[in-house]
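Have a look at input25.tsv; it's TSV, N, CA and C atoms:
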chain	number	residue	atom	x	y	z
B	1	MET	N	41.39	33.60	14.54
B	1	MET	CA	40.38	32.61	14.20
B	1	MET	C	40.64	31.33	14.99
B	2	GLY	N	39.59	30.69	15.37
B	2	GLY	CA	39.68	29.39	16.02
B	2	GLY	C	40.61	29.38	17.21
B	3	GLY	N	41.62	28.51	17.16
B	3	GLY	CA	42.55	28.35	18.27
B	3	GLY	C	43.30	29.61	18.61
B	4	GLY	N	43.61	30.45	17.64
B	4	GLY	CA	44.29	31.71	17.90
B	4	GLY	C	43.44	32.63	18.76
B	5	ALA	N	42.14	32.61	18.53
B	5	ALA	CA	41.24	33.42	19.34
B	5	ALA	C	41.22	32.91	20.78
B	6	GLY	N	41.15	31.61	20.93
B	6	GLY	CA	41.11	31.02	22.27
B	6	GLY	C	42.39	31.24	23.04
B	7	ALA	N	43.53	31.24	22.34
B	7	ALA	CA	44.81	31.43	23.00
B	7	ALA	C	45.03	32.88	23.39
B	8	SER	N	44.53	33.82	22.60
B	8	SER	CA	44.82	35.24	22.86
B	8	SER	C	43.76	35.94	23.71
B	9	ILE	N	42.60	35.36	23.84
B	9	ILE	CA	41.49	36.05	24.52
B	9	ILE	C	41.79	36.35	25.99
B	10	HIS	N	42.67	35.59	26.59
B	10	HIS	CA	42.96	35.78	28.01
B	10	HIS	C	44.05	36.82	28.26
B	11	GLY	N	44.55	37.44	27.21
B	11	GLY	CA	45.54	38.49	27.36
B	11	GLY	C	44.91	39.74	27.95
B	12	ARG	N	45.69	40.51	28.67
B	12	ARG	CA	45.19	41.73	29.29
B	12	ARG	C	44.84	42.77	28.24
B	13	PHE	N	45.65	42.85	27.19
B	13	PHE	CA	45.44	43.82	26.12
B	13	PHE	C	45.20	43.06	24.82
B	14	ARG	N	44.06	43.31	24.20
B	14	ARG	CA	43.71	42.66	22.95
B	14	ARG	C	43.39	43.75	21.92
B	15	VAL	N	44.34	44.02	21.05
B	15	VAL	CA	44.22	45.12	20.09
B	15	VAL	C	43.68	44.59	18.76
B	16	ALA	N	42.62	45.23	18.30
B	16	ALA	CA	42.03	44.89	17.00
B	16	ALA	C	42.29	46.04	16.04
B	17	THR	N	42.27	45.73	14.75
B	17	THR	CA	42.39	46.73	13.70
B	17	THR	C	41.23	46.54	12.72
B	18	GLU	N	41.21	47.37	11.69
B	18	GLU	CA	40.18	47.22	10.66
B	18	GLU	C	40.39	45.93	9.86
B	19	ASN	N	41.54	45.30	10.02
B	19	ASN	CA	41.83	44.05	9.31
B	19	ASN	C	41.58	42.81	10.18
B	20	SER	N	41.22	43.01	11.43
B	20	SER	CA	41.01	41.88	12.34
B	20	SER	C	39.75	41.11	11.96
B	21	LEU	N	39.81	39.82	12.21
B	21	LEU	CA	38.67	38.95	11.95
B	21	LEU	C	38.59	37.93	13.08
B	22	PHE	N	37.46	37.88	13.75
B	22	PHE	CA	37.22	36.86	14.78
B	22	PHE	C	36.25	35.86	14.18
B	23	ALA	N	36.62	34.59	14.26
B	23	ALA	CA	35.74	33.56	13.72
B	23	ALA	C	36.00	32.24	14.44
B	24	MET	N	34.99	31.47	14.53
B	24	MET	CA	35.08	30.11	15.04
B	24	MET	C	34.63	29.21	13.88
B	25	PRO	N	35.53	28.96	12.92
B	25	PRO	CA	35.13	28.25	11.70
B	25	PRO	C	34.61	26.85	11.94
B	26	GLU	N	34.97	26.24	13.06
B	26	GLU	CA	34.50	24.88	13.31
B	26	GLU	C	32.98	24.81	13.46
B	27	THR	N	32.34	25.96	13.84
B	27	THR	CA	30.89	25.95	13.99
B	27	THR	C	30.19	25.78	12.64
B	28	ALA	N	30.83	26.23	11.55
B	28	ALA	CA	30.24	26.06	10.22
B	28	ALA	C	30.20	24.59	9.82
B	29	LEU	N	31.04	23.78	10.46
B	29	LEU	CA	31.06	22.35	10.18
B	29	LEU	C	30.19	21.55	11.15
B	30	GLY	N	29.49	22.27	12.03
B	30	GLY	CA	28.64	21.61	13.00
B	30	GLY	C	29.36	21.18	14.26
B	31	LEU	N	30.60	21.64	14.43
B	31	LEU	CA	31.35	21.30	15.64
B	31	LEU	C	31.18	22.38	16.70
B	32	PHE	N	31.41	22.01	17.93
B	32	PHE	CA	31.28	22.94	19.05
B	32	PHE	C	32.53	23.81	19.13
B	33	PRO	N	32.41	25.13	19.42
B	33	PRO	CA	33.60	25.97	19.56
B	33	PRO	C	34.53	25.41	20.63
B	34	ASP	N	35.83	25.37	20.31
B	34	ASP	CA	36.80	24.76	21.23
B	34	ASP	C	37.70	25.82	21.87
B	35	VAL	N	38.83	25.41	22.36
B	35	VAL	CA	39.86	26.21	23.03
B	35	VAL	C	39.28	27.21	24.04
B	36	GLY	N	38.30	26.77	24.78
B	36	GLY	CA	37.74	27.61	25.83
B	36	GLY	C	36.71	28.61	25.34
B	37	ALA	N	36.29	28.51	24.09
B	37	ALA	CA	35.34	29.48	23.54
B	37	ALA	C	34.03	29.48	24.31
B	38	SER	N	33.59	28.34	24.79
B	38	SER	CA	32.34	28.32	25.55
B	38	SER	C	32.47	29.15	26.83
B	39	TYR	N	33.69	29.25	27.35
B	39	TYR	CA	33.92	30.08	28.54
B	39	TYR	C	33.83	31.56	28.19
B	40	PHE	N	34.62	32.02	27.21
B	40	PHE	CA	34.65	33.46	26.97
B	40	PHE	C	33.45	33.96	26.17
B	41	LEU	N	32.90	33.15	25.28
B	41	LEU	CA	31.71	33.60	24.54
B	41	LEU	C	30.51	33.76	25.46
B	42	SER	N	30.39	32.89	26.45
B	42	SER	CA	29.24	32.98	27.36
B	42	SER	C	29.30	34.19	28.26
B	43	ARG	N	30.43	34.89	28.29
B	43	ARG	CA	30.58	36.06	29.13
B	43	ARG	C	30.46	37.38	28.36
B	44	LEU	N	30.12	37.31	27.10
B	44	LEU	CA	29.90	38.53	26.33
B	44	LEU	C	28.54	39.11	26.71
B	45	PRO	N	28.32	40.40	26.45
B	45	PRO	CA	27.06	41.05	26.85
B	45	PRO	C	25.84	40.37	26.24
B	46	GLY	N	24.78	40.34	27.02
B	46	GLY	CA	23.55	39.72	26.56
B	46	GLY	C	23.80	38.27	26.21
B	47	PHE	N	23.29	37.85	25.09
B	47	PHE	CA	23.55	36.50	24.60
B	47	PHE	C	24.31	36.55	23.27
B	48	PHE	N	25.07	37.64	23.08
B	48	PHE	CA	25.80	37.79	21.82
B	48	PHE	C	26.81	36.67	21.62
B	49	GLY	N	27.47	36.25	22.68
B	49	GLY	CA	28.45	35.16	22.57
B	49	GLY	C	27.80	33.86	22.15
B	50	GLU	N	26.64	33.57	22.70
B	50	GLU	CA	25.92	32.36	22.31
B	50	GLU	C	25.52	32.44	20.84
B	51	TYR	N	25.09	33.63	20.42
B	51	TYR	CA	24.73	33.84	19.02
B	51	TYR	C	25.93	33.56	18.11
B	52	VAL	N	27.09	34.12	18.48
B	52	VAL	CA	28.30	33.91	17.67
B	52	VAL	C	28.68	32.43	17.64
B	53	GLY	N	28.62	31.78	18.79
B	53	GLY	CA	28.97	30.37	18.87
B	53	GLY	C	28.03	29.46	18.10
B	54	LEU	N	26.75	29.80	18.10
B	54	LEU	CA	25.76	28.96	17.42
B	54	LEU	C	25.72	29.20	15.91
B	55	THR	N	25.99	30.43	15.49
B	55	THR	CA	25.84	30.76	14.08
B	55	THR	C	27.16	30.77	13.32
B	56	GLY	N	28.28	30.86	14.02
B	56	GLY	CA	29.57	30.96	13.34
B	56	GLY	C	29.81	32.31	12.70
B	57	THR	N	29.05	33.31	13.13
B	57	THR	CA	29.19	34.66	12.60
B	57	THR	C	30.62	35.16	12.76
B	58	ARG	N	31.14	35.79	11.74
B	58	ARG	CA	32.49	36.38	11.79
B	58	ARG	C	32.36	37.84	12.21
B	59	LEU	N	33.30	38.27	13.04
B	59	LEU	CA	33.27	39.64	13.55
B	59	LEU	C	34.48	40.41	13.07
B	60	ASP	N	34.27	41.68	12.74
B	60	ASP	CA	35.41	42.53	12.38
B	60	ASP	C	35.93	43.22	13.64
B	61	GLY	N	36.96	44.04	13.47
B	61	GLY	CA	37.60	44.68	14.61
B	61	GLY	C	36.66	45.58	15.41
B	62	ALA	N	35.81	46.33	14.74
B	62	ALA	CA	34.87	47.21	15.44
B	62	ALA	C	33.88	46.40	16.27
B	63	GLU	N	33.41	45.29	15.71
B	63	GLU	CA	32.47	44.42	16.45
B	63	GLU	C	33.17	43.75	17.64
B	64	MET	N	34.44	43.39	17.44
B	64	MET	CA	35.20	42.78	18.53
B	64	MET	C	35.34	43.75	19.69
B	65	LEU	N	35.58	45.02	19.40
B	65	LEU	CA	35.68	46.03	20.45
B	65	LEU	C	34.32	46.24	21.11
B	66	ALA	N	33.27	46.32	20.32
B	66	ALA	CA	31.93	46.59	20.86
B	66	ALA	C	31.47	45.51	21.84
B	67	CYS	N	31.81	44.26	21.56
B	67	CYS	CA	31.32	43.18	22.42
B	67	CYS	C	32.33	42.78	23.50
B	68	GLY	N	33.53	43.35	23.47
B	68	GLY	CA	34.50	43.06	24.52
B	68	GLY	C	35.55	42.02	24.19
B	69	LEU	N	35.53	41.50	22.97
B	69	LEU	CA	36.58	40.55	22.59
B	69	LEU	C	37.92	41.26	22.42
B	70	ALA	N	37.88	42.54	22.06
B	70	ALA	CA	39.09	43.37	21.97
B	70	ALA	C	39.01	44.44	23.04
B	71	THR	N	40.15	44.83	23.55
B	71	THR	CA	40.19	45.91	24.55
B	71	THR	C	40.48	47.26	23.90
B	72	HIS	N	41.11	47.25	22.74
B	72	HIS	CA	41.47	48.47	22.04
B	72	HIS	C	41.30	48.27	20.53
B	73	PHE	N	41.08	49.38	19.84
B	73	PHE	CA	41.04	49.38	18.39
B	73	PHE	C	42.07	50.40	17.91
B	74	VAL	N	43.07	49.93	17.17
B	74	VAL	CA	44.12	50.79	16.64
B	74	VAL	C	44.14	50.61	15.13
B	75	PRO	N	44.01	51.70	14.37
B	75	PRO	CA	44.10	51.57	12.92
B	75	PRO	C	45.44	50.94	12.52
B	76	SER	N	45.43	50.08	11.54
B	76	SER	CA	46.64	49.33	11.17
B	76	SER	C	47.80	50.24	10.77
B	77	VAL	N	47.50	51.42	10.23
B	77	VAL	CA	48.58	52.34	9.84
B	77	VAL	C	49.32	52.91	11.06
B	78	ARG	N	48.73	52.75	12.25
B	78	ARG	CA	49.36	53.27	13.47
B	78	ARG	C	50.02	52.17	14.30
B	79	LEU	N	49.94	50.93	13.86
B	79	LEU	CA	50.51	49.82	14.64
B	79	LEU	C	52.02	49.94	14.83
B	80	SER	N	52.73	50.35	13.80
B	80	SER	CA	54.19	50.47	13.94
B	80	SER	C	54.55	51.58	14.92
B	81	LEU	N	53.77	52.65	14.94
B	81	LEU	CA	54.00	53.72	15.91
B	81	LEU	C	53.71	53.24	17.33
B	82	LEU	N	52.65	52.47	17.48
B	82	LEU	CA	52.32	51.90	18.79
B	82	LEU	C	53.43	50.97	19.25
B	83	GLU	N	53.89	50.11	18.36
B	83	GLU	CA	54.97	49.19	18.72
B	83	GLU	C	56.22	49.96	19.17
B	84	GLU	N	56.54	51.00	18.45
B	84	GLU	CA	57.71	51.82	18.79
B	84	GLU	C	57.55	52.46	20.17
B	85	ALA	N	56.37	52.98	20.45
B	85	ALA	CA	56.12	53.61	21.75
B	85	ALA	C	56.18	52.59	22.88
B	86	LEU	N	55.66	51.40	22.64
B	86	LEU	CA	55.69	50.36	23.67
B	86	LEU	C	57.13	49.87	23.91
B	87	CYS	N	57.92	49.80	22.86
B	87	CYS	CA	59.32	49.37	23.02
B	87	CYS	C	60.13	50.39	23.81
B	88	LYS	N	59.78	51.66	23.70
B	88	LYS	CA	60.47	52.71	24.44
B	88	LYS	C	60.08	52.74	25.92
B	89	LEU	N	58.94	52.18	26.24
B	89	LEU	CA	58.45	52.18	27.62
B	89	LEU	C	59.32	51.26	28.48
B	90	ASP	N	59.80	51.79	29.56
B	90	ASP	CA	60.66	51.01	30.45
B	90	ASP	C	59.87	50.65	31.71
B	91	SER	N	58.74	49.99	31.50
B	91	SER	CA	57.88	49.63	32.62
B	91	SER	C	56.97	48.48	32.22
B	92	THR	N	56.58	47.70	33.19
B	92	THR	CA	55.59	46.65	32.96
B	92	THR	C	54.26	47.00	33.63
B	93	ASP	N	54.13	48.24	34.06
B	93	ASP	CA	52.91	48.70	34.72
B	93	ASP	C	51.75	48.69	33.73
B	94	PRO	N	50.73	47.88	33.99
B	94	PRO	CA	49.59	47.78	33.06
B	94	PRO	C	48.90	49.12	32.80
B	95	ALA	N	48.87	49.99	33.80
B	95	ALA	CA	48.23	51.29	33.60
B	95	ALA	C	49.00	52.13	32.58
B	96	LEU	N	50.33	52.08	32.63
B	96	LEU	CA	51.14	52.83	31.67
B	96	LEU	C	51.02	52.23	30.27
B	97	ILE	N	51.02	50.92	30.20
B	97	ILE	CA	50.86	50.25	28.90
B	97	ILE	C	49.51	50.61	28.29
B	98	SER	N	48.47	50.54	29.10
B	98	SER	CA	47.13	50.87	28.62
B	98	SER	C	47.06	52.32	28.15
B	99	ALA	N	47.70	53.22	28.88
B	99	ALA	CA	47.69	54.64	28.51
B	99	ALA	C	48.35	54.85	27.14
B	100	ILE	N	49.44	54.14	26.90
B	100	ILE	CA	50.11	54.26	25.61
B	100	ILE	C	49.23	53.70	24.49
B	101	ILE	N	48.64	52.54	24.73
B	101	ILE	CA	47.75	51.98	23.70
B	101	ILE	C	46.58	52.93	23.46
B	102	ASP	N	46.06	53.54	24.52
B	102	ASP	CA	44.95	54.49	24.38
B	102	ASP	C	45.31	55.67	23.48
B	103	GLU	N	46.57	56.10	23.51
B	103	GLU	CA	47.01	57.23	22.67
B	103	GLU	C	46.85	56.92	21.18
B	104	TYR	N	46.96	55.67	20.82
B	104	TYR	CA	46.89	55.27	19.41
B	104	TYR	C	45.53	54.68	19.04
B	105	SER	N	44.66	54.53	20.00
B	105	SER	CA	43.35	53.91	19.79
B	105	SER	C	42.30	54.95	19.40
B	106	HIS	N	41.27	54.46	18.79
B	106	HIS	CA	40.07	55.28	18.60
B	106	HIS	C	38.84	54.37	18.60
B	107	GLN	N	37.68	54.97	18.71
B	107	GLN	CA	36.41	54.24	18.76
B	107	GLN	C	35.87	54.12	17.34
B	108	PRO	N	35.91	52.94	16.74
B	108	PRO	CA	35.39	52.80	15.38
B	108	PRO	C	33.86	52.74	15.38
B	109	SER	N	33.29	53.05	14.25
B	109	SER	CA	31.84	52.94	14.10
B	109	SER	C	31.50	51.54	13.61
B	110	LEU	N	30.40	51.02	14.13
B	110	LEU	CA	29.90	49.74	13.64
B	110	LEU	C	29.21	49.96	12.30
B	111	LYS	N	29.38	49.01	11.41
B	111	LYS	CA	28.69	49.08	10.12
B	111	LYS	C	27.18	48.97	10.36
B	112	GLU	N	26.42	49.54	9.45
B	112	GLU	CA	24.96	49.51	9.60
B	112	GLU	C	24.44	48.07	9.67
B	113	GLN	N	25.02	47.17	8.90
B	113	GLN	CA	24.58	45.77	8.88
B	113	GLN	C	25.44	44.89	9.79
B	114	SER	N	26.01	45.47	10.82
B	114	SER	CA	26.88	44.74	11.74
B	114	SER	C	26.15	43.57	12.40
B	115	ALA	N	26.89	42.48	12.56
B	115	ALA	CA	26.34	41.32	13.27
B	115	ALA	C	25.97	41.68	14.70
B	116	TYR	N	26.61	42.69	15.25
B	116	TYR	CA	26.33	43.11	16.63
B	116	TYR	C	24.89	43.61	16.77
B	117	HIS	N	24.29	44.09	15.68
B	117	HIS	CA	22.91	44.58	15.71
B	117	HIS	C	21.89	43.48	15.40
B	118	ARG	N	22.32	42.34	14.91
B	118	ARG	CA	21.39	41.35	14.36
B	118	ARG	C	20.60	40.54	15.37
B	119	PRO	N	21.23	39.93	16.38
B	119	PRO	CA	20.41	39.06	17.23
B	119	PRO	C	19.51	39.86	18.16
B	120	ARG	N	18.32	39.37	18.29
B	120	ARG	CA	17.39	39.92	19.25
B	120	ARG	C	16.85	38.72	20.01
B	121	ILE	N	17.02	38.74	21.30
B	121	ILE	CA	16.58	37.61	22.11
B	121	ILE	C	15.07	37.70	22.30
B	122	CYS	N	14.36	36.66	21.88
B	122	CYS	CA	12.91	36.67	22.02
B	122	CYS	C	12.47	36.03	23.32
B	123	SER	N	13.10	34.98	23.68
B	123	SER	CA	12.78	34.36	24.96
B	123	SER	C	13.98	33.56	25.41
B	124	CYS	N	13.98	33.26	26.66
B	124	CYS	CA	15.12	32.52	27.19
B	124	CYS	C	14.61	31.59	28.27
B	125	ARG	N	14.84	30.33	28.08
B	125	ARG	CA	14.48	29.33	29.09
B	125	ARG	C	15.78	28.79	29.65
B	126	GLY	N	16.07	29.13	30.88
B	126	GLY	CA	17.36	28.75	31.45
B	126	GLY	C	18.44	29.58	30.80
B	127	ARG	N	19.45	28.93	30.25
B	127	ARG	CA	20.52	29.64	29.56
B	127	ARG	C	20.48	29.39	28.05
B	128	LEU	N	19.37	28.83	27.54
B	128	LEU	CA	19.28	28.57	26.11
B	128	LEU	C	18.45	29.65	25.45
B	129	PRO	N	19.08	30.57	24.73
B	129	PRO	CA	18.33	31.67	24.11
B	129	PRO	C	17.65	31.25	22.83
B	130	PHE	N	16.58	31.92	22.52
B	130	PHE	CA	15.88	31.77	21.26
B	130	PHE	C	16.10	33.07	20.50
B	131	PHE	N	16.73	33.02	19.35
B	131	PHE	CA	17.09	34.22	18.61
B	131	PHE	C	16.15	34.46	17.45
B	132	VAL	N	15.88	35.71	17.20
B	132	VAL	CA	15.26	36.14	15.96
B	132	VAL	C	16.25	37.12	15.36
B	133	LEU	N	16.64	36.90	14.11
B	133	LEU	CA	17.59	37.80	13.48
B	133	LEU	C	16.86	39.05	13.04
B	134	ASN	N	17.38	40.16	13.49
B	134	ASN	CA	16.81	41.46	13.18
B	134	ASN	C	17.47	41.98	11.91
B	135	ASP	N	16.85	41.78	10.77
B	135	ASP	CA	17.43	42.20	9.50
B	135	ASP	C	17.28	43.70	9.28
B	136	ASN	N	16.52	44.35	10.12
B	136	ASN	CA	16.37	45.80	10.05
B	136	ASN	C	16.85	46.38	11.37
B	137	PRO	N	18.17	46.66	11.51
B	137	PRO	CA	18.73	47.11	12.78
B	137	PRO	C	18.09	48.38	13.33
B	138	ALA	N	17.45	49.17	12.47
B	138	ALA	CA	16.84	50.42	12.94
B	138	ALA	C	15.59	50.14	13.76
B	139	SER	N	15.01	48.96	13.62
B	139	SER	CA	13.76	48.67	14.35
B	139	SER	C	14.00	48.25	15.76
Rewrite the coordinates I just gave you, this time as structure tokens.
Amino acid sequence: MGGGAGASIHGRFRVATENSLFAMPETALGLFPDVGASYFLSRLPGFFGEYVGLTGTRLDGAEMLACGLATHFVPSVRLSLLEEALCKLDSTDPALISAIIDEYSHQPSLKEQSAYHRPRICSCRGRLPFFVLNDNPAS
């Protein structure tokens, strides 16, 4: 959340679990997202990052993976096994590290009412999107 998100987002490997929560709580107070959030949120697919920054929407681990804030999703019950496997690895090769994390990762399903399904961009003038919230994700 907040500063922790900004500090960790630049890591090569960003592992989320079902207990992960991404939030920029300062937006609920009317403040602008800090710690470089305007940089990384603006690079998410479509205008999802702008939506998150403007609305203060909280994201779970599956949503973080779907939009690119996380690189991997590992169920929390497998984290200790992942840690053990990484500690046994005698290499700093990113490809080997990624392969090990991949062994413990899986693709989670987004909830039906996921925030990832909600924004629909209606028009865009320059880089300022106009959002309509899609309360019926099936449409």
Atom N of His72 in chain B to atom C of Val15 in chain B, straight-line distance in Å: 5.4 Å
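The nearest approach to Gly6 in chain B among the residues B:Glu84, B:Ser114, B:Thr71, B:Gly36, with all atoms listed in the file taken into account, belongs to B:Gly36.
Candidate residues B:Val77, B:Leu31, B:Leu21, B:Leu89 were compared for distance to Asp60 in chain B, and the nearest is B:Leu21, using only C-alpha atoms.
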Nearest-residue call for Ala62 in chain B, choices B:Arg12, B:Lys111, B:Lys88, B:Arg118, using all atoms listed in the file: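 Closest to Ala62 in chain B of all the choices is B:Lys111.
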Length of the CA of Thr57 in chain B to CA of His106 in chain B vector [Å]: 24.1 Å
d(atom C of Ala95 in chain B, CA of Gly61 in chain B) in Å: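 These two atoms are separated by 22.5 Å.
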Which of range 16-88 of chain B DSSP labels alpha helix (DSSP H), written as a PyMOL selection string: chain B and resi 37-41+48-55+61-67+79-88
Nearest residue to Ala66 in chain B from the set B:Tyr116, B:Met24, B:Asp90, B:Glu50 (distances using only N, CA and C atoms): B:Tyr116
B:Ser80, B:Thr92, B:Ser20, B:Ser109 ranked by distance to Arg58 in chain B, top pick (using only C-alpha atoms): B:Ser20
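Distances here use all atoms listed in the file; by that measure, the residue among B:Leu59, B:Ile101, B:Leu96, B:Met64 closest to Leu82 in chain B is B:Ile101.
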Residues of range 28-80 of chain B in strand (DSSP E), written as number ranges by chain: B: 59-60, 72-73
Using the incomplete input, complete range 22-31 of chain B to the level of all heavy atoms; output as a CSV table (one decimal), keeping the file's coordinate frame.
chain,number,residue,atom,x,y,z
B,22,PHE,N,37.5,37.9,13.8
B,22,PHE,CA,37.2,36.9,14.8
B,22,PHE,C,36.2,35.9,14.2
B,22,PHE,O,35.2,36.2,13.7
B,22,PHE,CB,36.6,37.5,16.0
B,22,PHE,CG,36.2,36.4,17.1
B,22,PHE,CD1,37.2,36.1,18.0
B,22,PHE,CD2,35.0,35.9,17.1
B,22,PHE,CE1,36.9,35.1,19.0
B,22,PHE,CE2,34.7,34.9,18.0
B,22,PHE,CZ,35.6,34.5,18.9
B,23,ALA,N,36.6,34.6,14.3
B,23,ALA,CA,35.7,33.6,13.7
B,23,ALA,C,36.0,32.2,14.4
B,23,ALA,O,37.1,32.0,14.9
B,23,ALA,CB,36.0,33.4,12.2
B,24,MET,N,35.0,31.5,14.5
B,24,MET,CA,35.1,30.1,15.0
B,24,MET,C,34.6,29.2,13.9
B,24,MET,O,33.5,28.8,13.8
B,24,MET,CB,34.2,29.9,16.3
B,24,MET,CG,34.6,30.7,17.5
B,24,MET,SD,35.9,29.7,18.1
B,24,MET,CE,36.9,30.6,19.1
B,25,PRO,N,35.5,29.0,12.9
B,25,PRO,CA,35.1,28.2,11.7
B,25,PRO,C,34.6,26.8,11.9
B,25,PRO,O,33.9,26.3,11.1
B,25,PRO,CB,36.4,28.2,10.8
B,25,PRO,CG,37.5,28.6,11.8
B,25,PRO,CD,36.9,29.3,12.9
B,26,GLU,N,35.0,26.2,13.1
B,26,GLU,CA,34.5,24.9,13.3
B,26,GLU,C,33.0,24.8,13.5
B,26,GLU,O,32.4,23.8,13.2
B,26,GLU,CB,35.2,24.3,14.5
B,26,GLU,CG,35.0,25.0,15.8
B,26,GLU,CD,35.9,26.2,16.1
B,26,GLU,OE1,36.6,26.6,15.2
B,26,GLU,OE2,36.0,26.6,17.3
B,27,THR,N,32.3,26.0,13.8
B,27,THR,CA,30.9,26.0,14.0
B,27,THR,C,30.2,25.8,12.6
B,27,THR,O,29.1,25.2,12.6
B,27,THR,CB,30.4,27.2,14.7
B,27,THR,OG1,30.7,28.4,13.9
B,27,THR,CG2,30.9,27.3,16.1
B,28,ALA,N,30.8,26.2,11.6
B,28,ALA,CA,30.2,26.1,10.2
B,28,ALA,C,30.2,24.6,9.8
B,28,ALA,O,29.4,24.2,9.0
B,28,ALA,CB,31.0,26.9,9.2
B,29,LEU,N,31.0,23.8,10.5
B,29,LEU,CA,31.1,22.4,10.2
B,29,LEU,C,30.2,21.6,11.2
B,29,LEU,O,30.2,20.3,11.1
B,29,LEU,CB,32.5,21.8,10.3
B,29,LEU,CG,33.5,22.5,9.4
B,29,LEU,CD1,34.9,22.1,9.7
B,29,LEU,CD2,33.2,22.2,7.9
B,30,GLY,N,29.5,22.3,12.0
B,30,GLY,CA,28.6,21.6,13.0
B,30,GLY,C,29.4,21.2,14.3
B,30,GLY,O,28.8,20.4,15.1
B,31,LEU,N,30.6,21.6,14.4
B,31,LEU,CA,31.4,21.3,15.6
B,31,LEU,C,31.2,22.4,16.7
B,31,LEU,O,30.9,23.5,16.4
B,31,LEU,CB,32.8,21.1,15.3
B,31,LEU,CG,33.2,20.1,14.3
B,31,LEU,CD1,34.6,20.1,13.9
B,31,LEU,CD2,32.8,18.7,14.8
